[in-house]
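Remarks on the structure that follows.
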Amino acid sequence: MTSPNNSSNISGLSPFLKAVANDNSFKISSDAVNLWLKDLNNPLRWILRPLLQFLFSVLLHVIWFLKRLPLPQFRAHNFLQKMICWFCRNFVSPEANALILRHYTTETNLLNFIRDNTPGAESVEPVKLYPKTIDDMLVASFVEHDQELFRFMSEVPHANNQAVLKSFNWTHWQEMDKSIADQPKKWSQVLDFETSHALFMCLFCLLLTAEEYRDAINGFNLDHSIAKRIGDLVGDPTLPELAYNKFPLYLVGPWNLSQRFLMHGFFTEYVHEYLDRIRQEQI
C-alpha cells in the first residue's frame, strides 16, 4: 500500500504546502504529490507562467475562431506529436514529464478496470497506452489517447443495477513504472507543467480539425461518467464528486482550459490510488 504523503525530500515548502503535502484526506500517490510539489516550487511557474498563459489564451481563442470558420479543415497529427516530444525532451522539466507519463497509466488503468469488471465487455479491446518514456509518446500519442477514450466509452456498456462486486478482475491493470520519475535532466529543461500546457494548447488547436479539438477539450467531462461507472462497480456513490469536469452533454469551448486539463489529471490520480489500494488488499 502506498505510504501517506510526505515531503521529506522537498525543501523550502511554505506552511500551506507542508500541510497539503501531509494531508491524506484525499487518497493520492505520494509519488504524484512529490512530483507536483517540485513542479510548484519551480520559480518560472510563478514568473513566466502568468504572462504566457494570458498571451497564449488570447491566441488560442483566435485560432479556435478561425478553425471554426467555413474553411477547408486540416490536421497534422504526426507533426504535432513530434513537436510535443521534441519540446518535452528539451524544455519541459523531468517532474512535468513524469506527471504527463503517469497520466497515461492512471487513465488507461481506470478504463481497463471498468472493462474487466463490466458484464458484457469481454469482447471490447482493452486500452494499451502505457508509454514509459517521452519517445514512446510518438506512438502512444495524445490524439490516440483521446480517441481510445471515445472508443472505449462508446463500446463498453454501463451495467445499470449491477450488484456491487466483492472481488475484482485486475487482468489489464499495470503497476505504475517508478522509473518514469528517474529521467535525466538537460540544462534547458526548466518549464513547469502548466507553462508547458499553455504552449501546447495553441499547437493542438491549430493542428487538429475543429471537430477533433472540440471533442478533445470536452472529453474531460467524461471524468464524471468514468467515476460513476467505477463507483457503481465498487459500491461507492461518492466517487463522482472527485470529478471536477462534469456532465458530458454540456459542451464547452477553450475557456478555462488549463484548469480543466489540470483537474482532469488530478481526478485520474485520485481514483487510480483509490482502486490501487483495493487491489493491494486483494492480491
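By order in the C-alpha cells, chains are A, B, ...; within a chain, residues start at 1; ligands start at 1, following the order shown.
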Please provide the set of residues having any atom within 8 Å of range 189-196 of chain A, restricted to only C-alpha atoms, with same-chain residues fewer than 6 positions apart removed, written as an MDAnalysis selection string.
chainID A and resid 39:40 42 44:45 48:49 52:53 88:97 258 262
Excluding Arg214 in chain A and its own-chain neighbours fewer than 2 positions away, which residues fall within 9 Å of it when counting only C-alpha atoms? Please give them as a PyMOL selection string.
chain A and resi 205+209-212+216-219+251-254
Quick one: residues within 12 Å of Arg229 in chain A, only C-alpha atoms counted, chain neighbours fewer than 2 positions away excluded, as a ChimeraX atom specification?
/A:110-115,117-118,153,156-162,164,222-227,231-240,271
Any chance you can output those residues with C-alpha atoms as a PDB file, in the first residue's frame?
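Result file is again.pdb:
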ATOM      1  CA  LEU A 110      -9.155   3.169 -14.907  1.00  0.00           C
ATOM      2  CA  LEU A 111     -10.635   2.329 -18.295  1.00  0.00           C
ATOM      3  CA  ASN A 112      -9.305  -1.231 -18.246  1.00  0.00           C
ATOM      4  CA  PHE A 113     -10.667  -1.734 -14.727  1.00  0.00           C
ATOM      5  CA  ILE A 114     -14.137  -0.810 -15.992  1.00  0.00           C
ATOM      6  CA  ARG A 115     -13.728  -3.094 -18.999  1.00  0.00           C
ATOM      7  CA  ASN A 117     -15.311  -5.817 -14.388  1.00  0.00           C
ATOM      8  CA  THR A 118     -18.322  -4.932 -16.561  1.00  0.00           C
ATOM      9  CA  MET A 153     -16.879   4.795 -23.757  1.00  0.00           C
ATOM     10  CA  VAL A 156     -18.354  -0.642 -23.066  1.00  0.00           C
ATOM     11  CA  PRO A 157     -21.915  -0.906 -21.742  1.00  0.00           C
ATOM     12  CA  HIS A 158     -22.856   0.702 -18.457  1.00  0.00           C
ATOM     13  CA  ALA A 159     -24.116  -2.117 -16.242  1.00  0.00           C
ATOM     14  CA  ASN A 160     -27.099  -0.440 -14.592  1.00  0.00           C
ATOM     15  CA  ASN A 161     -28.432  -2.005 -11.403  1.00  0.00           C
ATOM     16  CA  GLN A 162     -25.458  -4.348 -11.210  1.00  0.00           C
ATOM     17  CA  VAL A 164     -21.716  -4.479  -6.144  1.00  0.00           C
ATOM     18  CA  LEU A 222     -16.245  12.055 -19.337  1.00  0.00           C
ATOM     19  CA  ASP A 223     -14.445  12.046 -15.974  1.00  0.00           C
ATOM     20  CA  HIS A 224     -17.912  12.228 -14.464  1.00  0.00           C
ATOM     21  CA  SER A 225     -19.051   9.126 -16.371  1.00  0.00           C
ATOM     22  CA  ILE A 226     -15.868   7.200 -15.528  1.00  0.00           C
ATOM     23  CA  ALA A 227     -16.305   7.989 -11.827  1.00  0.00           C
ATOM     24  CA  GLY A 231     -18.489   3.968  -8.197  1.00  0.00           C
ATOM     25  CA  ASP A 232     -21.259   1.599  -9.280  1.00  0.00           C
ATOM     26  CA  LEU A 233     -18.794  -1.301  -9.525  1.00  0.00           C
ATOM     27  CA  VAL A 234     -17.227  -0.768  -6.096  1.00  0.00           C
ATOM     28  CA  GLY A 235     -20.377   0.465  -4.359  1.00  0.00           C
ATOM     29  CA  ASP A 236     -19.129   3.981  -3.599  1.00  0.00           C
ATOM     30  CA  PRO A 237     -21.599   6.702  -4.694  1.00  0.00           C
ATOM     31  CA  THR A 238     -19.195   9.461  -3.608  1.00  0.00           C
ATOM     32  CA  LEU A 239     -16.643   8.860  -6.385  1.00  0.00           C
ATOM     33  CA  PRO A 240     -18.350  11.164  -8.935  1.00  0.00           C
ATOM     34  CA  VAL A 271      -9.310   7.434  -8.468  1.00  0.00           C
TER      35      VAL A 271
END
One decimal, in Å: what's the spacing between CA of Phe74 in chain A and CA of Leu206 in chain A?
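Going from CA of Phe74 in chain A over to CA of Leu206 in chain A, I get 8.6 Å.
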Of the candidates A:Asp182, A:Asp116, A:Asp215, A:Asp136, which shows the shortest atom-to-atom distance to Leu149 in chain A, using only C-alpha atoms?
A:Asp215
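Atom to atom, CA of Phe267 in chain A and CA of Tyr244 in chain A stand 7.4 Å apart.
Using only C-alpha atoms, the shortest contact distance between Asn78 in chain A and any of A:Ile63, A:Cys202, A:Leu207, A:Val20 is found at A:Leu207.
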So which one's closest to His145 in chain A, A:Lys186, A:Gln81, A:Leu203, A:Lys27? Using only C-alpha atoms, please.
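Of all the options, A:Gln81 lies closest to His145 in chain A.
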Just list as a PyMOL selection string whatever in range 32-273 of chain A DSSP marks as alpha helix (DSSP H).
chain A and resi 32-40+43-47+49-67+77-91+94-117+142-155+193-207+210-218+222-234+257-273
CA of Gln280 in chain A to CA of Ser30 in chain A, distance in Å rounded to a single decimal
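CA of Gln280 in chain A sits 15.6 Å away from CA of Ser30 in chain A.
Nearest to Ala140 in chain A of all the residues A:His77, A:Pro184, A:Trp255, A:Ser154 is A:His77, based on only C-alpha atoms.
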